[in-house]
Every structure is written in C-alpha cells, then in structure tokens.
>>> print(open('structure38.csv').read())   # CSV, C-alpha atoms
chain,number,residue,atom,x,y,z
V,16,MET,CA,28.7,31.2,-0.5
V,17,ASN,CA,29.3,27.5,0.1
V,18,LYS,CA,27.0,27.5,3.2
V,19,PHE,CA,24.2,29.1,1.1
V,20,ILE,CA,24.5,26.3,-1.5
V,21,VAL,CA,24.4,23.6,1.2
V,22,ILE,CA,21.3,25.2,2.8
V,23,LEU,CA,19.6,25.5,-0.6
V,24,PHE,CA,20.4,21.9,-1.4
V,25,LEU,CA,19.0,20.7,1.9
V,26,PHE,CA,15.9,22.7,1.5
V,27,ALA,CA,15.3,21.4,-2.0
V,28,GLN,CA,15.9,17.8,-0.8
V,29,ILE,CA,13.4,18.2,2.0
V,30,ALA,CA,10.8,19.9,-0.2
V,31,PHE,CA,11.1,17.3,-3.0
V,32,GLY,CA,11.3,14.4,-0.6
V,33,LYS,CA,7.9,15.4,0.8
V,34,THR,CA,6.2,15.9,-2.5
V,35,ASP,CA,7.6,12.7,-3.9
V,36,LYS,CA,6.2,10.8,-0.9
V,37,ASP,CA,2.9,12.5,-1.2
V,38,SER,CA,2.5,11.6,-4.9
V,39,LEU,CA,3.6,8.0,-4.3
V,40,LEU,CA,1.1,7.8,-1.4
V,41,LYS,CA,-1.7,9.1,-3.6
V,42,ARG,CA,-0.8,6.7,-6.4
V,43,ASP,CA,-0.1,3.5,-4.4
V,44,PHE,CA,-2.4,3.9,-1.3
V,45,HIS,CA,-4.7,1.1,-2.4
V,46,LEU,CA,-1.8,-1.3,-2.6
V,47,PHE,CA,-1.0,-1.5,1.1
V,48,ILE,CA,-3.8,0.1,3.1
V,49,ASP,CA,-5.6,-3.2,3.7
V,50,GLN,CA,-2.5,-4.6,5.3
V,51,VAL,CA,-2.1,-1.6,7.6
V,52,VAL,CA,-5.8,-1.6,8.6
V,53,LYS,CA,-5.7,-5.3,9.3
V,54,LEU,CA,-2.6,-4.9,11.4
V,55,THR,CA,-4.0,-2.0,13.3
V,56,GLU,CA,-7.3,-3.9,14.0
V,57,SER,CA,-5.4,-7.0,15.2
V,58,LYS,CA,-3.2,-4.9,17.5
V,59,LEU,CA,-6.2,-3.1,19.0
V,60,LEU,CA,-7.9,-6.5,19.5
V,61,GLU,CA,-4.9,-7.9,21.3
V,62,ILE,CA,-4.7,-4.8,23.5
V,63,THR,CA,-8.4,-5.0,24.5
V,64,GLN,CA,-7.9,-8.7,25.4
V,65,GLN,CA,-4.8,-8.3,27.5
V,66,LYS,CA,-4.9,-8.4,31.2
V,67,LYS,CA,-4.4,-5.3,33.3
V,68,GLY,CA,-0.7,-4.6,33.7
V,69,GLU,CA,0.3,-6.9,30.8
V,70,ILE,CA,2.8,-5.5,28.4
V,71,THR,CA,1.3,-4.9,24.9
V,72,LYS,CA,2.4,-7.5,22.5
V,73,ARG,CA,5.0,-6.4,20.0
V,74,LEU,CA,4.8,-6.6,16.2
V,75,LYS,CA,6.4,-9.5,14.6
V,76,ASP,CA,9.7,-8.8,12.9
V,77,LYS,CA,8.1,-9.1,9.5
V,78,GLU,CA,5.3,-6.7,10.4
V,79,ALA,CA,7.7,-4.1,11.8
V,80,LEU,CA,9.9,-4.3,8.7
V,81,LYS,CA,6.8,-3.8,6.5
V,82,ILE,CA,5.8,-0.7,8.5
V,83,LEU,CA,9.3,0.7,8.2
V,84,GLU,CA,9.3,0.0,4.5
V,85,ILE,CA,5.9,1.7,4.0
V,86,THR,CA,7.0,4.7,6.1
V,87,LYS,CA,10.3,5.1,4.3
V,88,LYS,CA,8.6,5.0,0.8
V,89,TYR,CA,5.3,6.8,1.5
V,90,GLY,CA,5.9,8.8,4.7
V,91,TYR,CA,4.2,8.7,8.1
V,92,LEU,CA,0.5,7.9,7.7
V,93,SER,CA,-1.2,10.3,10.0
V,94,TYR,CA,-5.0,10.6,9.7
V,95,LEU,CA,-4.8,14.2,8.5
V,96,ARG,CA,-2.1,13.5,5.9
V,97,VAL,CA,-3.9,10.4,4.5
V,98,LYS,CA,-7.1,12.4,4.3
V,99,ASN,CA,-5.5,15.4,2.7
V,100,ILE,CA,-3.6,13.3,0.1
V,101,THR,CA,-5.9,10.4,-0.7
V,102,GLY,CA,-9.3,11.9,0.3
V,103,GLU,CA,-10.1,8.8,2.3
V,104,GLU,CA,-11.1,9.0,6.0
V,105,PHE,CA,-10.3,6.4,8.7
V,106,ASN,CA,-10.9,6.2,12.4
V,107,LEU,CA,-8.5,5.1,15.2
V,108,GLU,CA,-9.6,1.5,15.0
V,109,GLN,CA,-8.6,1.4,11.3
V,110,LEU,CA,-5.5,3.5,10.8
V,111,ASN,CA,-3.4,4.1,13.9
V,112,PHE,CA,0.2,4.3,12.8
V,113,HIS,CA,1.2,5.6,16.2
V,114,LEU,CA,-0.1,2.5,17.8
V,115,LEU,CA,1.9,0.3,15.4
V,116,PHE,CA,5.1,2.2,16.3
V,117,GLN,CA,4.3,1.8,20.0
V,118,CYS,CA,4.3,-2.0,19.4
V,119,PHE,CA,7.7,-2.1,17.7
V,120,PRO,CA,10.1,-4.8,18.8
V,121,GLU,CA,13.0,-3.4,20.8
V,122,LYS,CA,15.6,-4.3,18.1
V,123,TYR,CA,13.8,-2.0,15.5
V,124,LYS,CA,13.0,1.0,17.8
V,125,LYS,CA,16.2,2.9,16.9
V,126,ALA,CA,15.7,2.4,13.2
V,127,ALA,CA,12.1,3.5,13.6
V,128,TYR,CA,13.1,6.6,15.6
V,129,LEU,CA,15.7,7.7,13.0
V,130,LEU,CA,13.1,7.2,10.2
V,131,LEU,CA,10.4,9.1,12.1
V,132,LYS,CA,12.9,11.9,12.9
V,133,THR,CA,13.4,12.4,9.1
V,134,GLU,CA,9.6,12.4,8.6
V,135,TYR,CA,9.3,15.0,11.3
V,136,LYS,CA,11.9,17.2,9.7
V,137,ILE,CA,10.1,17.2,6.3
V,138,GLY,CA,6.8,17.9,7.9
V,139,ASN,CA,5.0,14.6,7.7
V,140,ILE,CA,4.6,14.4,11.5
V,141,GLU,CA,3.2,17.1,13.8
V,142,ARG,CA,5.5,18.3,16.6
V,143,CYS,CA,3.5,16.8,19.5
V,144,ASP,CA,2.9,13.6,17.6
V,145,PHE,CA,6.6,13.2,17.1
V,146,GLY,CA,7.2,13.9,20.8
V,147,PHE,CA,4.9,11.1,21.8
V,148,LEU,CA,6.6,8.8,19.4
V,149,VAL,CA,10.0,9.8,20.9
V,150,LYS,CA,8.6,9.0,24.3
V,151,ASP,CA,7.3,5.6,23.2
V,152,LEU,CA,10.2,4.5,21.0
V,153,LEU,CA,13.1,5.7,23.2
V,154,ASN,CA,11.4,4.9,26.5
V,155,VAL,CA,12.1,8.4,27.7
V,156,LYS,CA,12.1,8.7,31.5
V,157,ASP,CA,13.2,12.4,31.7
V,158,TYR,CA,10.0,14.1,30.5
V,159,THR,CA,11.7,17.5,30.3
V,160,VAL,CA,13.1,16.3,27.0
V,161,LEU,CA,9.5,16.3,25.6
V,162,GLU,CA,9.1,20.0,26.2
V,163,GLU,CA,11.0,20.6,23.0
V,164,TYR,CA,8.1,18.9,21.2
V,165,GLY,CA,5.4,20.9,23.0
V,166,ILE,CA,4.6,18.1,25.5
V,167,VAL,CA,4.3,18.8,29.2
V,168,VAL,CA,3.4,16.6,32.2
V,169,THR,CA,0.1,17.9,33.6
V,170,GLU,CA,-0.4,15.4,36.4
V,171,GLU,CA,1.5,12.7,38.2
V,172,ILE,CA,-0.5,9.9,39.8
V,173,ILE,CA,1.4,7.9,42.4
V,174,SER,CA,-0.1,5.0,44.2
V,175,GLU,CA,1.4,2.2,46.3
V,176,LYS,CA,2.0,-0.1,43.3
V,177,SER,CA,2.4,2.2,40.4
V,178,TRP,CA,3.3,5.7,39.0
V,179,MET,CA,1.7,7.3,36.0
V,180,SER,CA,2.0,10.7,34.3
V,181,ARG,CA,-0.6,12.5,32.2
V,182,PHE,CA,0.7,14.5,29.3
V,183,GLU,CA,-0.7,17.5,27.3
V,184,CYS,CA,0.3,18.9,24.0
V,185,LEU,CA,0.7,22.6,24.1
V,186,ASP,CA,0.1,23.0,20.3
V,187,LYS,CA,-3.6,22.0,20.4
>>> encode(input="structure38.csv", output="structure tokens")
Amino acid sequence: MNKFIVILFLFAQIAFGKTDKDSLLKRDFHLFIDQVVKLTESKLLEITQQKKGEITKRLKDKEALKILEITKKYGYLSYLRVKNITGEEFNLEQLNFHLLFQCFPEKYKKAAYLLLKTEYKIGNIERCDFGFLVKDLLNVKDYTVLEEYGIVVTEEIISEKSWMSRFECLDK
C-alpha cells in the first residue's frame, strides 16, 4: 500500500510540475525570450567566426546561471514545446537551447545535467535530444551509453589528425 502511495505522489508531482511550468512559460515568455534570442545569436556568431579546430567559447557564468534559472522555472525550451505552448515560432538562429547548453562552462555542467535529467523525466525533452545533451554535457566517450536514449553511431571517420563519429537518432 505504501509503494502505491509513493508512486501516486511521484506521478502527481511530475504531472503538476509539467503543467505548472507550461502555464508559467505561456504567461512569462515575453519577459525573457529577447535575452535568450540575443544569447543564441551571439553564440552562433562567435561559432561562425572561430577558426577551424578552435574550441567553442563558453557562456559567461552570469549567462549560464540565467539559462539554468529559466530552465528550472519554465522548463527546457525546445522549438516544439515553445510553439505548442506560446504559439510563437523560432528558427535555429533565434532559439537554440541545445547550443546554449553545449556552451556551458565546465563548472556548471553537472548542475545543468541534473536539471535537464528532471526535465527529461517530466517530458519536456525528447529522448534523443536528451541523449545528445548528455553526450555534450558529460563529455561521453563511450557511445554505447547513448543507445539508452535512441542514439547510435552510424559512421566513424578517422584521419591522420582527427577522429569523428556521426550519430543518428532512432526515434525519428
């Protein structure tokens, strides 16, 4: 009987957590979206200007903390979720939350992972999207771990100076 109550409590917490975040997102979206779009655009500009082989510049601490704060309060801002809740459409150059998490400073990656894991559990992040975030945030080297999230290595490219893997999401 106690197990049933615990399971019911957890289910209710997850369900209400998602709907609370959805309603907050719909209500407050206009308050922070300009900041997110500006940050996405500046990161994309930096990446296009970097030299080949250069490591992508990380978010500043203040920017990373802001993204964590937004995600904790409103949930993970995927294109589909934002469109479904707010009715607004964005493209990759305007709203790319995955890119922002890829650019997280090392000292915040663990916190970002734990927050995103919660978002995944309540359904705000698709399985493969979470898998790619896990790969980026935890610097996963053993790609078999990603199979749990529907991601497989489709090709490995090895040259004299580098090694690269191509991935595919089995859910799409």
>>> closest_atom_pairs(input="structure38.csv", of="range 45-83 of chain V", to="range 91-111 of chain V", cutoff="8 Å", atoms="all atoms listed in the file", output="JSON lines")
{"residue": "V:Val51", "atom": "CA", "partner": "V:Leu110", "partner_atom": "CA", "distance": 6.9}
{"residue": "V:Val52", "atom": "CA", "partner": "V:Gln109", "partner_atom": "CA", "distance": 4.9}
{"residue": "V:Lys53", "atom": "CA", "partner": "V:Gln109", "partner_atom": "CA", "distance": 7.6}
{"residue": "V:Thr55", "atom": "CA", "partner": "V:Gln109", "partner_atom": "CA", "distance": 6.1}
{"residue": "V:Glu56", "atom": "CA", "partner": "V:Glu108", "partner_atom": "CA", "distance": 6.0}
{"residue": "V:Leu59", "atom": "CA", "partner": "V:Glu108", "partner_atom": "CA", "distance": 7.0}
>>> atom_distance(input="structure38.csv", atom1="CA of Gln117 in chain V", atom2="CA of Leu152 in chain V")
6.6 Å
>>> axis_aligned_box(input="structure38.csv", around="range 76-82 of chain V", padding_each_side="6 Å", output="AutoDock Vina command-line options")
--center_x 7.6 --center_y -4.9 --center_z 9.7 --size_x 16.6 --size_y 20.4 --size_z 18.4
>>> residues_near_point(input="structure38.csv", point="(-2.5, 26.5, 24.3)", cutoff="12 Å", atoms="all atoms listed in the file", output="list in words")
Gly165, Ile166, Val167, Glu183, Cys184, Leu185, Asp186 and Lys187 of chain V
>>> closest_residue(input="structure38.csv", among="V:Asp37, V:Asp43, V:Asp144, V:Glu121", to="Leu161 in chain V", atoms="only C-alpha atoms")
V:Asp144
>>> atom_distance(input="structure38.csv", atom1="CA of Thr71 in chain V", atom2="CA of Thr169 in chain V")
24.4 Å
>>> closest_residue(input="structure38.csv", among="V:Ile48, V:Leu148, V:Leu80, V:Met179", to="Tyr128 in chain V", atoms="only C-alpha atoms")
V:Leu148
>>> closest_residue(input="structure38.csv", among="V:Tyr123, V:Gln64, V:Leu46, V:Lys41", to="Ala79 in chain V", atoms="only C-alpha atoms")
V:Tyr123
>>> residues_around(input="structure38.csv", residues="Gln50 in chain V", least_positions_apart="6", cutoff="12 Å", atoms="only C-alpha atoms", output="ChimeraX atom specification")
/V:44,56-57,78,81-82,85,109-110,112
>>> residues_around(input="structure38.csv", residues="Phe145 in chain V", least_positions_apart="3", cutoff="10 Å", atoms="only C-alpha atoms", output="VMD selection string")
chain V and resid 113 128 131 to 132 134 to 136 139 to 142 148 to 151 161 164 to 166
>>> write_last_selection(input="structure38.csv", atoms="C-alpha atoms", output="compact mmCIF listing (two decimals), in the coordinates of the input")
# COMPACT_ATOMS: atom_id res chain seq x y z
CA HIS V 113 1.20 5.60 16.20
CA TYR V 128 13.10 6.60 15.60
CA LEU V 131 10.40 9.10 12.10
CA LYS V 132 12.90 11.90 12.90
CA GLU V 134 9.60 12.40 8.60
CA TYR V 135 9.30 15.00 11.30
CA LYS V 136 11.90 17.20 9.70
CA ASN V 139 5.00 14.60 7.70
CA ILE V 140 4.60 14.40 11.50
CA GLU V 141 3.20 17.10 13.80
CA ARG V 142 5.50 18.30 16.60
CA LEU V 148 6.60 8.80 19.40
CA VAL V 149 10.00 9.80 20.90
CA LYS V 150 8.60 9.00 24.30
CA ASP V 151 7.30 5.60 23.20
CA LEU V 161 9.50 16.30 25.60
CA TYR V 164 8.10 18.90 21.20
CA GLY V 165 5.40 20.90 23.00
CA ILE V 166 4.60 18.10 25.50
>>> atom_distance(input="structure38.csv", atom1="CA of Leu83 in chain V", atom2="CA of Leu39 in chain V")
15.6 Å
>>> closest_residue(input="structure38.csv", among="V:Lys88, V:Glu175, V:Arg181, V:Cys118", to="Leu54 in chain V", atoms="all atoms listed in the file")
V:Cys118
>>> closest_residue(input="structure38.csv", among="V:Thr86, V:Leu130, V:Ile62, V:Gly146", to="Val160 in chain V", atoms="all atoms listed in the file")
V:Gly146
>>> closest_residue(input="structure38.csv", among="V:Ile173, V:Leu153, V:Leu60, V:Leu40", to="Ala127 in chain V", atoms="only C-alpha atoms")
V:Leu153
>>> decode(input="structure38.csv", residues="range 76-107 of chain V", atoms="N, CA, C and O atoms", output="short mmCIF file (atom, residue, chain, number, x, y, z; two decimals), in the first residue's frame")
data_model
loop_
_atom_site.label_atom_id
_atom_site.label_comp_id
_atom_site.auth_asym_id
_atom_site.auth_seq_id
_atom_site.Cartn_x
_atom_site.Cartn_y
_atom_site.Cartn_z
N ASP V 76 29.68 33.00 -16.73
CA ASP V 76 28.99 32.46 -15.56
C ASP V 76 27.59 33.04 -15.41
O ASP V 76 26.63 32.32 -15.17
N LYS V 77 27.48 34.33 -15.57
CA LYS V 77 26.19 35.01 -15.41
C LYS V 77 25.17 34.50 -16.44
O LYS V 77 24.00 34.28 -16.12
N GLU V 78 25.62 34.27 -17.67
CA GLU V 78 24.73 33.77 -18.73
C GLU V 78 24.29 32.33 -18.43
O GLU V 78 23.12 31.99 -18.58
N ALA V 79 25.23 31.51 -18.00
CA ALA V 79 24.92 30.12 -17.68
C ALA V 79 23.92 30.04 -16.53
O ALA V 79 22.95 29.26 -16.58
N LEU V 80 24.12 30.85 -15.52
CA LEU V 80 23.20 30.86 -14.38
C LEU V 80 21.81 31.31 -14.80
O LEU V 80 20.80 30.80 -14.31
N LYS V 81 21.74 32.26 -15.72
CA LYS V 81 20.44 32.74 -16.23
C LYS V 81 19.73 31.62 -16.98
O LYS V 81 18.52 31.42 -16.80
N ILE V 82 20.45 30.88 -17.80
CA ILE V 82 19.85 29.76 -18.55
C ILE V 82 19.37 28.68 -17.58
O ILE V 82 18.28 28.12 -17.75
N LEU V 83 20.16 28.39 -16.55
CA LEU V 83 19.72 27.42 -15.54
C LEU V 83 18.46 27.91 -14.83
O LEU V 83 17.52 27.13 -14.61
N GLU V 84 18.42 29.18 -14.50
CA GLU V 84 17.26 29.77 -13.81
C GLU V 84 16.00 29.68 -14.70
O GLU V 84 14.93 29.27 -14.23
N ILE V 85 16.13 30.04 -15.96
CA ILE V 85 14.99 29.97 -16.89
C ILE V 85 14.52 28.53 -17.03
O ILE V 85 13.32 28.25 -16.97
N THR V 86 15.45 27.60 -17.18
CA THR V 86 15.09 26.20 -17.36
C THR V 86 14.42 25.64 -16.11
O THR V 86 13.43 24.90 -16.21
N LYS V 87 14.93 25.99 -14.96
CA LYS V 87 14.34 25.49 -13.71
C LYS V 87 12.90 25.99 -13.55
O LYS V 87 12.01 25.24 -13.17
N LYS V 88 12.67 27.24 -13.89
CA LYS V 88 11.35 27.84 -13.69
C LYS V 88 10.36 27.49 -14.80
O LYS V 88 9.20 27.19 -14.54
N TYR V 89 10.83 27.52 -16.07
CA TYR V 89 9.92 27.39 -17.21
C TYR V 89 10.06 26.09 -17.98
O TYR V 89 9.26 25.80 -18.86
N GLY V 90 11.09 25.34 -17.69
CA GLY V 90 11.32 24.10 -18.41
C GLY V 90 12.25 24.29 -19.60
O GLY V 90 12.62 25.41 -19.94
N TYR V 91 12.63 23.19 -20.21
CA TYR V 91 13.53 23.21 -21.36
C TYR V 91 12.79 23.80 -22.56
O TYR V 91 11.69 23.38 -22.90
N LEU V 92 13.41 24.76 -23.21
CA LEU V 92 12.76 25.49 -24.30
C LEU V 92 13.10 24.89 -25.66
O LEU V 92 13.86 25.46 -26.43
N SER V 93 12.49 23.76 -25.96
CA SER V 93 12.65 23.20 -27.31
C SER V 93 11.73 23.96 -28.25
O SER V 93 10.77 24.60 -27.83
N TYR V 94 12.04 23.89 -29.56
CA TYR V 94 11.21 24.59 -30.55
C TYR V 94 9.76 24.16 -30.45
O TYR V 94 8.86 24.99 -30.42
N LEU V 95 9.56 22.84 -30.44
CA LEU V 95 8.21 22.30 -30.46
C LEU V 95 7.44 22.70 -29.20
O LEU V 95 6.28 23.08 -29.28
N ARG V 96 8.08 22.62 -28.06
CA ARG V 96 7.41 22.97 -26.81
C ARG V 96 7.03 24.45 -26.80
O ARG V 96 5.91 24.81 -26.44
N VAL V 97 7.95 25.31 -27.22
CA VAL V 97 7.67 26.74 -27.25
C VAL V 97 6.51 27.03 -28.22
O VAL V 97 5.59 27.77 -27.89
N LYS V 98 6.55 26.40 -29.37
CA LYS V 98 5.48 26.61 -30.37
C LYS V 98 4.14 26.13 -29.84
O LYS V 98 3.13 26.83 -29.96
N ASN V 99 4.12 24.95 -29.23
CA ASN V 99 2.87 24.39 -28.72
C ASN V 99 2.28 25.21 -27.58
O ASN V 99 1.07 25.32 -27.45
N ILE V 100 3.12 25.77 -26.74
CA ILE V 100 2.63 26.49 -25.56
C ILE V 100 2.37 27.96 -25.84
O ILE V 100 1.36 28.51 -25.42
N THR V 101 3.29 28.61 -26.56
CA THR V 101 3.16 30.06 -26.76
C THR V 101 2.56 30.41 -28.12
O THR V 101 2.10 31.53 -28.31
N GLY V 102 2.61 29.49 -29.05
CA GLY V 102 2.13 29.77 -30.41
C GLY V 102 3.15 30.50 -31.27
O GLY V 102 2.90 30.79 -32.43
N GLU V 103 4.32 30.80 -30.71
CA GLU V 103 5.35 31.53 -31.45
C GLU V 103 6.33 30.54 -32.08
O GLU V 103 6.66 29.52 -31.49
N GLU V 104 6.79 30.89 -33.28
CA GLU V 104 7.75 30.05 -33.99
C GLU V 104 9.10 30.74 -34.07
O GLU V 104 9.18 31.94 -34.29
N PHE V 105 10.15 29.95 -33.90
CA PHE V 105 11.52 30.44 -33.98
C PHE V 105 12.32 29.49 -34.84
O PHE V 105 11.95 28.34 -35.03
N ASN V 106 13.46 29.96 -35.35
CA ASN V 106 14.35 29.08 -36.09
C ASN V 106 15.62 28.85 -35.27
O ASN V 106 15.78 29.42 -34.19
N LEU V 107 16.50 28.00 -35.79
CA LEU V 107 17.73 27.64 -35.05
C LEU V 107 18.60 28.84 -34.69
O LEU V 107 19.28 28.83 -33.69
#
